[in-house]
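> Here it is, the structure, as structure tokens.
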Amino acid sequence: MMQKGTLSIPKIREDFPILKRKINGNKPLIYLDNAATTQKPQSVINAICNYYMNYNSNIHRAVYQIAEEATIEYEMSRKKIAKFINARSTNEIIFTRNATEAINLIAYSWGRANIKNNDNITITEIEHHSNIVPWQILAQEKGANLQYIGIDDNGYLKMEDCKKCLQNRNKRVGLLSISQMSNVLGTIVPLNEIIKMAHDEGVLVLVDGAQSVPHMPVDVQEMNCDFMAFSSHKMLGPTGVGILYVKEEILDKMSPFIGGGDMIKEVHKHKTVYNDLPYRFEAGTPNIADVIGLGAAIDYLNEIGMNNVREHETNITSYAINALSTIKDVTLYGPTNADHRGGIIAFNIGDIHPHDLATIMNSHGIAIRSGHHCAQVLMKRLDVPATSRLSFYIYNTKKEVDIFIDVLNEARRIFRI
Amino acid sequence: MSDDIYREIILDHYRNPRNKGKLVDADVSIHDSNPLCGDEIDIHLKVEEGKIKNIKFEGRGCAISQASASMLTEMVIEKPLSAVKEIAKNDILENIGLLNLGPARIKCALLSLKVLKMGMVRYYTDKDPESAKKLDEDTKLY
């Protein structure tokens with residue numbers, strides 16, 4: 001593992017073929033939309049190719065050699081994931097299609113069995129639609145109360161709201177489903193404290209780790225969450241794979257979400273004996289190639305070290321926030337202290353609509369996001385229809401931020417502000 | 001490239017939109033949004049003697065969507081419905097002078113035409129089901 005402070009960005013950039021891409025003729029691609037999806041290093045692309053070229057086969061049942069190799073590699077990725085987030089056992093790791101499906105799995109399986117009329121489901125104003133809509137569906141079906149923890153004007157969760165929402169006088173079943181890092185404001189939520197507060201009231205906690213797990217060290221045992229969902233493609237891995245972590249004692253009591261092959265031990269005409277954990281929750285042929293690709297992504301991140309990833313992003317985020325703060329008419333959203341946020345910066349500039357700004361950026365090869373970022377509840381809270389957003393990863397440089405700032409000034413010139 | 005898009009006329013209509021506001025005696029009011037961008041347009045129509053007697057729009061969104069809506073109102077006011085219903089995608093793009101918009105941004109430019117045609121579908125539903133059907137098909141193209 002690399003030592004602290006030895007992160008070589010030029011060397012890392014060499015590993016990402018897409019960073020050689022030119023846009024609009026001769027402009028190098030400056031990719032600043034990493035909260036949406038990240039680029040893939042050659043080692044991930046190779047791992048996927050290698051599976052298809054050398055041992056493509058279905059896993060878990062066939063006895064021939066290539067199937068055995070595929071099974072070993074697929075299960076190796078599960079081991080790598082378990083270690084990466086410090087789960088107690090691989091039985092606690094379930095592969096889904098994406099983080100959204102992982103949250104839905106909990107809403108449909110655990111939620112339907114446990115949440116009843118008048119029970120509380122608590123979420124926050126910073127949630128992504130994937131952590132809002134499944135709970136609305138469940139609350140409507142069960143007659144449960146869906147309640148929101150609000151944020152203050154600096155993008156921090158209101159702790160007094162948190163206390164109020166988590167109070168559980170009647171000792172009913174309750175759930176808190178909460179992002180560890182906002183995909184718009186970048187706010188890092190103090191989860192250790194909040195999870196303890198929830199558990200003291202008998203409320204279980206699902207963590208949406210889609211933005212946090214790729215960018216900072218995350219330890220599910222230390223945090224003591226009950227469920228966590230995150231996504232392969234936001235952490236250098238391929239699309240099509242989500243990861244669900246569930247404490248084994250909870251998972252063992254949950255009913256299957258999807259029925260079919262691979263999740264069974266015995267099937268009779270009118271009853272089925274389900275398979276052991278975690279296979280009970282992975283019906284049908286899974287996304288073998290991409291799970292194996294994710295394994296290579298985890299190797300790559302381990303090589304760099306998650307503390308180094310976090311440190312690089314904190315530096316570049318501070319740098320960008322400072323640069324943006326000097327530009328007239330820029331409104332920044334979220335905490336200004338880079339220690340309290342990840343590498344995600346949402347902003348607006350004058351009356352330039354984010355889509356127009358993104359179009360101008362694109363003509364200079366810069367990919368930034370514009371819109372509501374699947375967080376319309378938060379947009380309403382901020383009282384804006386949309387924002388622009390840049391989000392960093394390990395391959396981004398301060399020089400790229402400088403070019404972005406130059407183009408921002410050009411946008412001001414074009415719009416005459 | 002972006003200098004070509006954000007020409008004076010687009011910025012002028014964005015900052016000083018024509019025919020913007022409500023219409024109290026509207027015959028038809030209709031709303032739609034672009035789910036990708038969140039651009040929103042409301043169009044209010046007053047029809048008299050087969051002509052668009054008055055048109056107002058409300059909305060928020062990018063310069064292209066709002067300028068296009070503003071320019072569309074100028075294009076159709078006082079025009080007979082029979083002519084307005086024939087307006088096609090390229091007429092709008094020519095009107096705003098942006099013939100080379102990419103697939104993502106073209107939806108911004110065409111949102112107001114879509115809403116106008118949705119309004120005309122409603123206006124024609126009882127009076128002329130044939131035209132309503134044709135216009136309804138048009139709205140699905142944008």
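Scheme for the structure tokens: letters A, B, ... for chains in order shown; per-chain residue numbers from 1; ligand numbers from 1 in order shown.
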Show me, as a PDB file with N, CA and C atoms, in the first residue's frame, the residues of chain B whose atoms get within 10 Å of chain A, using only C-alpha atoms for the distance check.


ATOM      1  N   MET B   1     -18.272  27.853 -30.390  1.00  0.00           N
ATOM      2  CA  MET B   1     -19.520  27.097 -30.486  1.00  0.00           C
ATOM      3  C   MET B   1     -20.579  27.669 -29.541  1.00  0.00           C
ATOM      4  N   SER B   2     -20.180  27.894 -28.273  1.00  0.00           N
ATOM      5  CA  SER B   2     -21.191  28.429 -27.360  1.00  0.00           C
ATOM      6  C   SER B   2     -21.504  29.885 -27.691  1.00  0.00           C
ATOM      7  N   ASP B   3     -20.523  30.593 -28.298  1.00  0.00           N
ATOM      8  CA  ASP B   3     -20.797  31.960 -28.734  1.00  0.00           C
ATOM      9  C   ASP B   3     -21.889  31.957 -29.795  1.00  0.00           C
ATOM     10  N   ASP B   4     -21.904  30.899 -30.630  1.00  0.00           N
ATOM     11  CA  ASP B   4     -22.917  30.820 -31.677  1.00  0.00           C
ATOM     12  C   ASP B   4     -24.301  30.610 -31.079  1.00  0.00           C
ATOM     13  N   ILE B   5     -24.356  29.806 -30.016  1.00  0.00           N
ATOM     14  CA  ILE B   5     -25.663  29.517 -29.414  1.00  0.00           C
ATOM     15  C   ILE B   5     -26.203  30.749 -28.697  1.00  0.00           C
ATOM     16  N   TYR B   6     -25.345  31.323 -27.856  1.00  0.00           N
ATOM     17  CA  TYR B   6     -25.837  32.408 -26.998  1.00  0.00           C
ATOM     18  C   TYR B   6     -25.647  33.755 -27.679  1.00  0.00           C
ATOM     19  N   ARG B   7     -26.336  33.910 -28.833  1.00  0.00           N
ATOM     20  CA  ARG B   7     -26.263  35.158 -29.558  1.00  0.00           C
ATOM     21  C   ARG B   7     -27.133  36.204 -28.865  1.00  0.00           C
ATOM     22  N   GLU B   8     -26.966  37.450 -29.309  1.00  0.00           N
ATOM     23  CA  GLU B   8     -27.669  38.576 -28.699  1.00  0.00           C
ATOM     24  C   GLU B   8     -29.177  38.324 -28.614  1.00  0.00           C
ATOM     25  N   LEU B  11     -30.159  35.910 -25.827  1.00  0.00           N
ATOM     26  CA  LEU B  11     -29.993  36.542 -24.510  1.00  0.00           C
ATOM     27  C   LEU B  11     -31.044  37.626 -24.283  1.00  0.00           C
ATOM     28  N   TYR B  14     -34.239  35.954 -23.443  1.00  0.00           N
ATOM     29  CA  TYR B  14     -34.113  35.322 -22.114  1.00  0.00           C
ATOM     30  C   TYR B  14     -34.288  36.366 -21.014  1.00  0.00           C
ATOM     31  N   ARG B  15     -33.607  37.512 -21.208  1.00  0.00           N
ATOM     32  CA  ARG B  15     -33.648  38.541 -20.154  1.00  0.00           C
ATOM     33  C   ARG B  15     -34.911  39.382 -20.223  1.00  0.00           C
ATOM     34  N   PRO B  35     -38.452  16.575 -18.037  1.00  0.00           N
ATOM     35  CA  PRO B  35     -37.992  15.881 -16.839  1.00  0.00           C
ATOM     36  C   PRO B  35     -36.464  15.780 -16.750  1.00  0.00           C
ATOM     37  N   LEU B  36     -35.787  15.872 -17.886  1.00  0.00           N
ATOM     38  CA  LEU B  36     -34.324  15.784 -17.859  1.00  0.00           C
ATOM     39  C   LEU B  36     -33.714  17.040 -17.264  1.00  0.00           C
ATOM     40  N   CYS B  37     -34.269  18.190 -17.665  1.00  0.00           N
ATOM     41  CA  CYS B  37     -33.661  19.466 -17.273  1.00  0.00           C
ATOM     42  C   CYS B  37     -34.442  20.156 -16.185  1.00  0.00           C
ATOM     43  N   GLY B  38     -35.732  19.882 -16.082  1.00  0.00           N
ATOM     44  CA  GLY B  38     -36.565  20.621 -15.155  1.00  0.00           C
ATOM     45  C   GLY B  38     -37.062  21.947 -15.732  1.00  0.00           C
ATOM     46  N   ASP B  39     -36.830  22.193 -17.036  1.00  0.00           N
ATOM     47  CA  ASP B  39     -37.413  23.395 -17.648  1.00  0.00           C
ATOM     48  C   ASP B  39     -38.934  23.285 -17.576  1.00  0.00           C
ATOM     49  N   GLU B  40     -39.591  24.419 -17.286  1.00  0.00           N
ATOM     50  CA  GLU B  40     -41.052  24.407 -17.181  1.00  0.00           C
ATOM     51  C   GLU B  40     -41.643  25.497 -18.044  1.00  0.00           C
ATOM     52  N   ARG B  60     -39.849  28.684 -16.241  1.00  0.00           N
ATOM     53  CA  ARG B  60     -38.474  28.907 -15.793  1.00  0.00           C
ATOM     54  C   ARG B  60     -37.602  27.797 -16.349  1.00  0.00           C
ATOM     55  N   GLY B  61     -36.360  28.153 -16.581  1.00  0.00           N
ATOM     56  CA  GLY B  61     -35.465  27.184 -17.181  1.00  0.00           C
ATOM     57  C   GLY B  61     -34.318  27.882 -17.873  1.00  0.00           C
ATOM     58  N   CYS B  62     -33.682  27.155 -18.769  1.00  0.00           N
ATOM     59  CA  CYS B  62     -32.471  27.668 -19.404  1.00  0.00           C
ATOM     60  C   CYS B  62     -32.795  28.744 -20.432  1.00  0.00           C
ATOM     61  N   ALA B  63     -31.763  29.428 -20.893  1.00  0.00           N
ATOM     62  CA  ALA B  63     -31.928  30.513 -21.865  1.00  0.00           C
ATOM     63  C   ALA B  63     -32.600  30.003 -23.137  1.00  0.00           C
ATOM     64  N   ILE B  64     -32.237  28.804 -23.568  1.00  0.00           N
ATOM     65  CA  ILE B  64     -32.787  28.296 -24.832  1.00  0.00           C
ATOM     66  C   ILE B  64     -34.292  28.032 -24.697  1.00  0.00           C
ATOM     67  N   GLY B 102     -27.640  19.929 -30.127  1.00  0.00           N
ATOM     68  CA  GLY B 102     -27.506  18.496 -29.863  1.00  0.00           C
ATOM     69  C   GLY B 102     -28.812  17.921 -29.320  1.00  0.00           C
ATOM     70  N   ALA B 104     -29.687  16.658 -26.557  1.00  0.00           N
ATOM     71  CA  ALA B 104     -30.110  17.008 -25.195  1.00  0.00           C
ATOM     72  C   ALA B 104     -30.739  18.399 -25.185  1.00  0.00           C
ATOM     73  N   ARG B 105     -30.085  19.330 -25.894  1.00  0.00           N
ATOM     74  CA  ARG B 105     -30.567  20.712 -25.838  1.00  0.00           C
ATOM     75  C   ARG B 105     -31.743  20.971 -26.760  1.00  0.00           C
ATOM     76  N   CYS B 108     -34.954  21.397 -25.033  1.00  0.00           N
ATOM     77  CA  CYS B 108     -35.168  22.711 -24.418  1.00  0.00           C
ATOM     78  C   CYS B 108     -35.839  23.637 -25.433  1.00  0.00           C
TER      79      CYS B 108
END

> Need the shell around Gly119 (chain B): protein/DNA/RNA residues with any atom at most 9 Å away, counting only C-alpha atoms. Skip same-chain ones fewer than 2 positions apart. Format as a PyMOL selection string?

chain B and resi 28-31+43-45+114-117+121-124

> What parts of chain B does DSSP call helix (DSSP H, G or I)? I'd like the answer as a VMD selection string.

chain B and resid 2 to 5 8 to 15 63 to 76 81 to 84 89 to 96 103 to 127 129 to 139

> Find the residues near Gly284 (chain A): any atom within 7 Å, counting only C-alpha atoms, skip ones fewer than 4 places away on the same chain, and give them as a ChimeraX atom specification.

/A:260-262

> Determine, counting only C-alpha atoms, which protein, DNA and RNA residues have an atom within 6 Å of an atom of region 174-177 of chain A; residues of the same chain fewer than 5 positions away are not included. Present the result as a CSV table (one decimal) with N, CA and C atoms, in the first residue's frame.


chain,number,residue,atom,x,y,z
A,120,ASN,N,-42.9,4.8,12.0
A,120,ASN,CA,-42.2,5.9,11.4
A,120,ASN,C,-41.1,5.5,10.5
A,121,ILE,N,-41.0,6.1,9.3
A,121,ILE,CA,-39.9,6.0,8.4
A,121,ILE,C,-39.3,7.4,8.3
A,122,THR,N,-38.1,7.5,8.7
A,122,THR,CA,-37.4,8.8,8.7
A,122,THR,C,-36.4,8.9,7.6
A,123,ILE,N,-36.4,9.9,6.8
A,123,ILE,CA,-35.4,10.2,5.8
A,123,ILE,C,-35.0,11.7,6.0
A,203,VAL,N,-34.5,2.2,16.7
A,203,VAL,CA,-34.8,2.5,15.3
A,203,VAL,C,-33.6,1.9,14.5
A,204,LEU,N,-33.9,1.1,13.5
A,204,LEU,CA,-32.8,0.6,12.6
A,204,LEU,C,-32.4,1.6,11.6
A,205,VAL,N,-31.2,1.5,11.1
A,205,VAL,CA,-30.6,2.5,10.2
A,205,VAL,C,-30.1,1.9,8.9
A,206,LEU,N,-30.6,2.5,7.8
A,206,LEU,CA,-30.0,2.1,6.5
A,206,LEU,C,-29.2,3.3,6.0
A,207,VAL,N,-27.9,3.1,5.6
A,207,VAL,CA,-27.1,4.1,5.1
A,207,VAL,C,-27.0,4.1,3.6

> Between B:Leu93, B:Ile41, B:Ala67, B:Leu110, which has the minimum distance to His13 (chain B) (counting only C-alpha atoms)?

B:Ala67

> Skipping near chain neighbours, those fewer than 3 positions away, what residues fall within 12 Å of Asp402 (chain A) using only C-alpha atoms, listed as a list in words?

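Neighbouring residues, sequence-local ones excluded: Ile30, Ile316, Tyr319, Ala320, Ile321, Asn322, Ala323, Leu324, Ile366, Asn396, Thr397, Lys398, Lys399, Ile405, Asp406, Val407, Leu408 and Asn409 of chain A.
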
> Any idea what's packed within 12 Å of Lys140 (chain B), counting only C-alpha atoms, ignoring anything in its chain fewer than 2 positions away? Could you give it as an MDAnalysis selection string?

chainID B and resid 89 107 110:111 113:115 117:118 133:138 142

> So what do you get for CA of Ile345 (chain A) versus CA of Gly209 (chain A), distance-wise?

17.8 Å

> Might you pull out every residue within 9 Å of region 67-82 of chain A, with only C-alpha atoms counted and same-chain residues fewer than 2 positions away left off, and present them as a VMD selection string?

chain A and resid 51 55 to 65 84 to 95 243 245 288 to 289 291 to 296 298 to 299
